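Student: The structure that follows is given in the form of structure tokens.
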Amino acid sequence: MAVCAAGNRFVAIMLKQILSKLPRKSQKSDSLDSAGLDSGNHTSNLSNGVQCTNIGNSITSRLSVVKRVSSAVFPASIMAGVEAVEPNLSFKDVSNPQKQNLFISKLNLCCEVSDFSDPEKASSEQDLKRQTLIELVDFVSSGSAKFNEPAVAAMCKMCALNLFRVFPPKYRSNTSSGEAEDDEPIFDPAWSSLQLVYDLLLRFISYSSLDAKVAKKHVDHSFILKLLDLFESEDPRERDCLKTILHRIYGKFMVHRPFVRKAVSNIIYRFVFETERHNGIAELLEIFGSIISGFAIPLKEEHKMFLCRALIPLHKPKSIGVYHQQLTYCVVQFVDKDQKLANNVIKGLLKYWPITNSQKELMFISELEEILEMTNMVEFQKIMVPVFQRIACCLNSSHYQVAERAHLLWNNEHILNLITHNRHVIFPLIFPSLERNSQNHWNQAVLNLTQNIRKMFCEMDEELLLACQRKLEEENSQLIEAAEKRKLAWEHLETTAAAFKPAATNNVPPVKPATPLVAC
């Protein structure tokens, strides 16, 4: 009996401590608690069976109270400490304090992923989800919403469930053959729903009162990596939405900027050096074009490494035509920030210069013109010899578009000024190509352009032009003389060989077969 009474007192003290930490609703609940404790003490004078029964009832009643209160304080759902609202209600039908809860309820309703492979399947559910998404977009667009952490978490969860997916393997065999820009785009049948989710995510990220410190816990590195994976989508509409959203994330979350740059660099490395297959390179470069324009001067070493290790090697793949415009913009932005980088960029262009791909060569000439247009005299003099050796080859190209595009470089005033100040080096490199064009090129337009450049050289420095012409004539005469010497040498060899040729072969004894060698 003494042991049972001590146990009762211990249980009563523990329950009293637990209940003292819970919020008291009214005086009535206090009286009930005290009555329960008194009844617990009173059971010490009863028999063992009655004691155990009363103790069990007392513990059960108090545990039920604890369970009800803990379920209110620590809920299992994402709506921590809030009351669930019927998701089919309209935002106009609830009070302002409940709109946040309704917003979360509607987001949870949209977490169900619809199957769009069968147009007739679950059309009512798809219509309900579409209508709910439209309401969410309108609510965010109104600008009156206040997003706490449960709302941010619910938004990221809904977007992850609807957007993040694995794409089927690519069956196109010509993706890496340089003709991917001619393929017809493939449109996702679920785009009507995906578009609303992307629109909602964009408006949510762009929301002016969104607390970046709270949102960054859920828009984390994993979320960004999965967004980047979606750039593999075949649907250009989806990639365009992703481009805008990633750019807004980069602008809003400064803490994630180094990670975004590193993740995009890894995608480019994999594309250039491993697969040469990716659908979103153009969109990623378009994002980086605006990012590079915001880089502070002087450029960080990290940014220069991105240029040398990622952007310049992007000139290598055959499918460069898909993203060349965006790539050129990024490279030009770097040269505009630091003209000393022009040397590295032009050396990279010459390294990856195409030999048999005329269309790619046209792109390179256009990019070279834009870079030279932003290059100062000092940097130009460092690379002018290899540059104009390559241009001289382009002037003689049998592809008339390549030859014509190379001639048009002289129409650029800045490049012409660079050539004029360094004509003593450049004229001897270019003049032989102009002479060969005048004598042998088949296209009349190229011939006319060649004559115009010759006339321009003559007006610029006639003495230098005549000196180049005399030097070329000397080199040609030396080549003719060397060819004549080779011809005479071959004729002498043939005459000598004919003199030692035997007159008849009838008296020549037969050759005995060689004795086989015996291995030691």
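Letters for chains follow the order of the structure tokens (A, B, ...), residue numbers begin at 1 for each chain, and ligand numbers begin at 1 in the order shown.
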Skip Leu210 (chain A) itself and residues of its chain fewer than 4 positions away, then list as a list in words all residues within 10 Å of it, counting only C-alpha atoms.

Tutor: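 Counting only the stated atoms, we get Ala145, Lys146, Phe147, Asn148, Val152, Phe204, Ile205, Ser206, Val214, Ala215 and Lys252 of chain A.
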
Student: Please provide as a compact mmCIF listing (two decimals) with N, CA and C atoms, in the first residue's frame all residues within 12 Å of region 127-135 of chain A, with the sequence filter that same-chain residues fewer than 2 positions apart are discarded (counting only C-alpha atoms).

Tutor:
```
# COMPACT_ATOMS: atom_id res chain seq x y z
N PRO A 87 -10.21 24.17 -49.90
CA PRO A 87 -9.51 24.75 -51.05
C PRO A 87 -10.44 25.22 -52.17
N ASN A 88 -11.70 24.75 -52.17
CA ASN A 88 -12.61 25.14 -53.25
C ASN A 88 -13.21 26.53 -53.04
N LEU A 89 -12.95 27.12 -51.87
CA LEU A 89 -13.46 28.46 -51.63
C LEU A 89 -12.69 29.48 -52.46
N SER A 90 -13.33 30.62 -52.70
CA SER A 90 -12.68 31.70 -53.42
C SER A 90 -11.99 32.63 -52.42
N PHE A 91 -10.95 33.31 -52.88
CA PHE A 91 -10.25 34.24 -52.00
C PHE A 91 -11.15 35.40 -51.58
N LYS A 92 -12.17 35.68 -52.37
CA LYS A 92 -13.09 36.76 -52.02
C LYS A 92 -14.04 36.37 -50.89
N LEU A 102 -5.86 29.65 -47.04
CA LEU A 102 -6.51 29.21 -48.28
C LEU A 102 -5.49 29.07 -49.40
N PHE A 103 -4.52 29.96 -49.45
CA PHE A 103 -3.46 29.89 -50.45
C PHE A 103 -2.70 28.57 -50.32
N ILE A 104 -2.37 28.17 -49.09
CA ILE A 104 -1.65 26.92 -48.87
C ILE A 104 -2.53 25.72 -49.23
N SER A 105 -3.82 25.79 -48.88
CA SER A 105 -4.73 24.70 -49.21
C SER A 105 -4.85 24.51 -50.71
N LYS A 106 -4.92 25.58 -51.45
CA LYS A 106 -5.00 25.48 -52.91
C LYS A 106 -3.70 24.94 -53.50
N LEU A 107 -2.58 25.33 -52.92
CA LEU A 107 -1.30 24.78 -53.39
C LEU A 107 -1.23 23.28 -53.15
N ASN A 108 -1.69 22.83 -52.00
CA ASN A 108 -1.70 21.40 -51.72
C ASN A 108 -2.63 20.66 -52.67
N LEU A 109 -3.72 21.29 -53.05
CA LEU A 109 -4.64 20.67 -54.00
C LEU A 109 -3.97 20.49 -55.37
N CYS A 110 -3.11 21.43 -55.75
CA CYS A 110 -2.44 21.36 -57.05
C CYS A 110 -1.22 20.45 -57.05
N CYS A 111 -0.92 19.83 -55.93
CA CYS A 111 0.23 18.93 -55.89
C CYS A 111 -0.02 17.63 -56.64
N GLU A 112 -1.27 17.36 -56.94
CA GLU A 112 -1.61 16.15 -57.69
C GLU A 112 -1.22 16.36 -59.15
N VAL A 113 -0.33 15.51 -59.66
CA VAL A 113 0.17 15.63 -61.03
C VAL A 113 -0.81 14.97 -61.98
N SER A 114 -1.22 15.68 -63.01
CA SER A 114 -2.19 15.17 -63.98
C SER A 114 -1.48 14.41 -65.09
N ASP A 115 -2.21 13.45 -65.66
CA ASP A 115 -1.70 12.66 -66.77
C ASP A 115 -2.30 13.20 -68.06
N PHE A 116 -1.45 13.78 -68.91
CA PHE A 116 -1.91 14.38 -70.16
C PHE A 116 -1.66 13.48 -71.37
N PRO A 119 -5.97 12.40 -73.59
CA PRO A 119 -6.75 13.66 -73.49
C PRO A 119 -8.10 13.49 -72.81
N GLU A 120 -8.67 12.29 -72.83
CA GLU A 120 -10.00 12.08 -72.28
C GLU A 120 -9.97 11.61 -70.83
N LYS A 121 -8.79 11.42 -70.28
CA LYS A 121 -8.67 10.87 -68.94
C LYS A 121 -8.70 11.98 -67.90
N ALA A 122 -9.59 11.85 -66.95
CA ALA A 122 -9.64 12.75 -65.78
C ALA A 122 -9.69 14.22 -66.21
N SER A 123 -10.54 14.50 -67.19
CA SER A 123 -10.62 15.88 -67.67
C SER A 123 -11.19 16.82 -66.60
N SER A 124 -12.11 16.32 -65.77
CA SER A 124 -12.69 17.16 -64.73
C SER A 124 -11.63 17.55 -63.69
N GLU A 125 -10.75 16.59 -63.32
CA GLU A 125 -9.69 16.90 -62.36
C GLU A 125 -8.70 17.91 -62.95
N VAL A 137 -2.55 32.34 -59.44
CA VAL A 137 -1.81 33.36 -60.20
C VAL A 137 -2.42 34.74 -59.98
N ASP A 138 -3.74 34.80 -60.02
CA ASP A 138 -4.42 36.09 -59.79
C ASP A 138 -4.17 36.61 -58.39
N PHE A 139 -4.16 35.71 -57.41
CA PHE A 139 -3.95 36.12 -56.03
C PHE A 139 -2.55 36.70 -55.84
N VAL A 140 -1.53 36.03 -56.42
CA VAL A 140 -0.17 36.54 -56.30
C VAL A 140 -0.01 37.84 -57.07
N SER A 141 -0.68 37.93 -58.22
CA SER A 141 -0.56 39.14 -59.04
C SER A 141 -1.22 40.35 -58.40
N SER A 142 -2.15 40.11 -57.49
CA SER A 142 -2.85 41.22 -56.87
C SER A 142 -1.93 42.08 -56.01
N MET A 155 4.65 26.43 -51.77
CA MET A 155 4.86 26.83 -53.17
C MET A 155 5.98 26.01 -53.80
N MET A 158 4.84 22.37 -54.39
CA MET A 158 3.93 22.23 -55.53
C MET A 158 4.68 22.35 -56.85
N CYS A 159 5.59 23.31 -56.95
CA CYS A 159 6.36 23.49 -58.19
C CYS A 159 7.27 22.29 -58.45
N ASN A 162 5.21 19.32 -59.79
CA ASN A 162 4.63 19.50 -61.12
C ASN A 162 5.68 19.70 -62.21
N ALA A 190 1.52 18.60 -72.02
CA ALA A 190 1.08 19.11 -70.72
C ALA A 190 1.40 20.60 -70.55
N TRP A 191 1.72 21.30 -71.63
CA TRP A 191 2.15 22.68 -71.50
C TRP A 191 1.07 23.59 -70.94
N SER A 192 -0.21 23.31 -71.22
CA SER A 192 -1.28 24.17 -70.71
C SER A 192 -1.25 24.25 -69.19
N SER A 193 -0.90 23.13 -68.54
CA SER A 193 -0.79 23.13 -67.08
C SER A 193 0.58 23.64 -66.63
N LEU A 194 1.63 23.22 -67.33
CA LEU A 194 2.97 23.65 -66.95
C LEU A 194 3.13 25.16 -67.06
N GLN A 195 2.50 25.75 -68.05
CA GLN A 195 2.62 27.19 -68.24
C GLN A 195 2.08 27.96 -67.04
N LEU A 196 0.98 27.50 -66.48
CA LEU A 196 0.40 28.16 -65.31
C LEU A 196 1.32 28.01 -64.10
N VAL A 197 1.94 26.82 -63.95
CA VAL A 197 2.85 26.62 -62.82
C VAL A 197 4.08 27.51 -62.97
N TYR A 198 4.61 27.59 -64.19
CA TYR A 198 5.76 28.48 -64.42
C TYR A 198 5.39 29.94 -64.18
N ASP A 199 4.21 30.33 -64.63
CA ASP A 199 3.77 31.71 -64.43
C ASP A 199 3.63 32.02 -62.94
N LEU A 200 3.08 31.07 -62.20
CA LEU A 200 2.93 31.26 -60.75
C LEU A 200 4.29 31.35 -60.08
N LEU A 201 5.22 30.48 -60.46
CA LEU A 201 6.56 30.50 -59.85
C LEU A 201 7.28 31.81 -60.19
```

Student: Would you kindly return, as an MDAnalysis selection string, each protein, DNA or RNA residue with an atom no farther than 6 Å from any atom of region 425-439 of chain A, considering only C-alpha atoms and excluding same-chain residues fewer than 4 positions away?

Tutor: chainID A and resid 392 396 450 468

Student: Would you output that residue set with N, CA and C atoms, as a tab-separated table (two decimals), in the first residue's frame?

Tutor:
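Output (selection-v8.tsv):
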```tsv
chain	number	residue	atom	x	y	z
A	392	ALA	N	43.79	36.13	-94.86
A	392	ALA	CA	44.30	35.93	-96.22
A	392	ALA	C	43.81	34.62	-96.81
A	396	ASN	N	40.96	33.95	-100.23
A	396	ASN	CA	41.13	33.04	-101.36
A	396	ASN	C	40.17	31.86	-101.34
A	450	THR	N	37.92	42.51	-104.58
A	450	THR	CA	39.38	42.46	-104.58
A	450	THR	C	39.97	43.72	-105.24
A	468	CYS	N	55.38	45.60	-102.41
A	468	CYS	CA	54.78	44.27	-102.22
A	468	CYS	C	54.66	43.55	-103.57
```

Student: Between CA of Val264 (chain A) and CA of Ser293 (chain A), what distance in Å does the model show, to one decimal?

Tutor: 16.8 Å

Student: List the spatial neighbours of Val255 (chain A) as a VMD selection string - criterion: any atom at most 10 Å away, only C-alpha atoms, same-chain residues fewer than 5 positions off excluded.

Tutor: chain A and resid 212 to 213 216 220 250 260

Student: Can you write out the residues you just picked, keeping N, CA and C atoms, as a PDB file, in the first residue's frame?

Tutor:
```
ATOM      1  N   ALA A 212      13.749  37.201 -48.969  1.00  0.00           N
ATOM      2  CA  ALA A 212      14.748  36.309 -49.552  1.00  0.00           C
ATOM      3  C   ALA A 212      15.397  35.430 -48.492  1.00  0.00           C
ATOM      4  N   LYS A 213      15.528  35.919 -47.264  1.00  0.00           N
ATOM      5  CA  LYS A 213      16.139  35.124 -46.207  1.00  0.00           C
ATOM      6  C   LYS A 213      15.297  33.900 -45.863  1.00  0.00           C
ATOM      7  N   LYS A 216      15.142  31.484 -49.306  1.00  0.00           N
ATOM      8  CA  LYS A 216      16.354  30.771 -49.709  1.00  0.00           C
ATOM      9  C   LYS A 216      16.469  29.406 -49.019  1.00  0.00           C
ATOM     10  N   ASP A 220      16.675  26.322 -52.642  1.00  0.00           N
ATOM     11  CA  ASP A 220      18.046  26.022 -52.252  1.00  0.00           C
ATOM     12  C   ASP A 220      18.825  25.478 -53.444  1.00  0.00           C
ATOM     13  N   TYR A 250      18.635  34.465 -59.799  1.00  0.00           N
ATOM     14  CA  TYR A 250      20.007  34.984 -59.693  1.00  0.00           C
ATOM     15  C   TYR A 250      20.009  36.414 -59.162  1.00  0.00           C
ATOM     16  N   VAL A 260      25.123  29.231 -58.866  1.00  0.00           N
ATOM     17  CA  VAL A 260      24.502  29.219 -60.204  1.00  0.00           C
ATOM     18  C   VAL A 260      25.579  29.279 -61.277  1.00  0.00           C
TER      19      VAL A 260
END
```
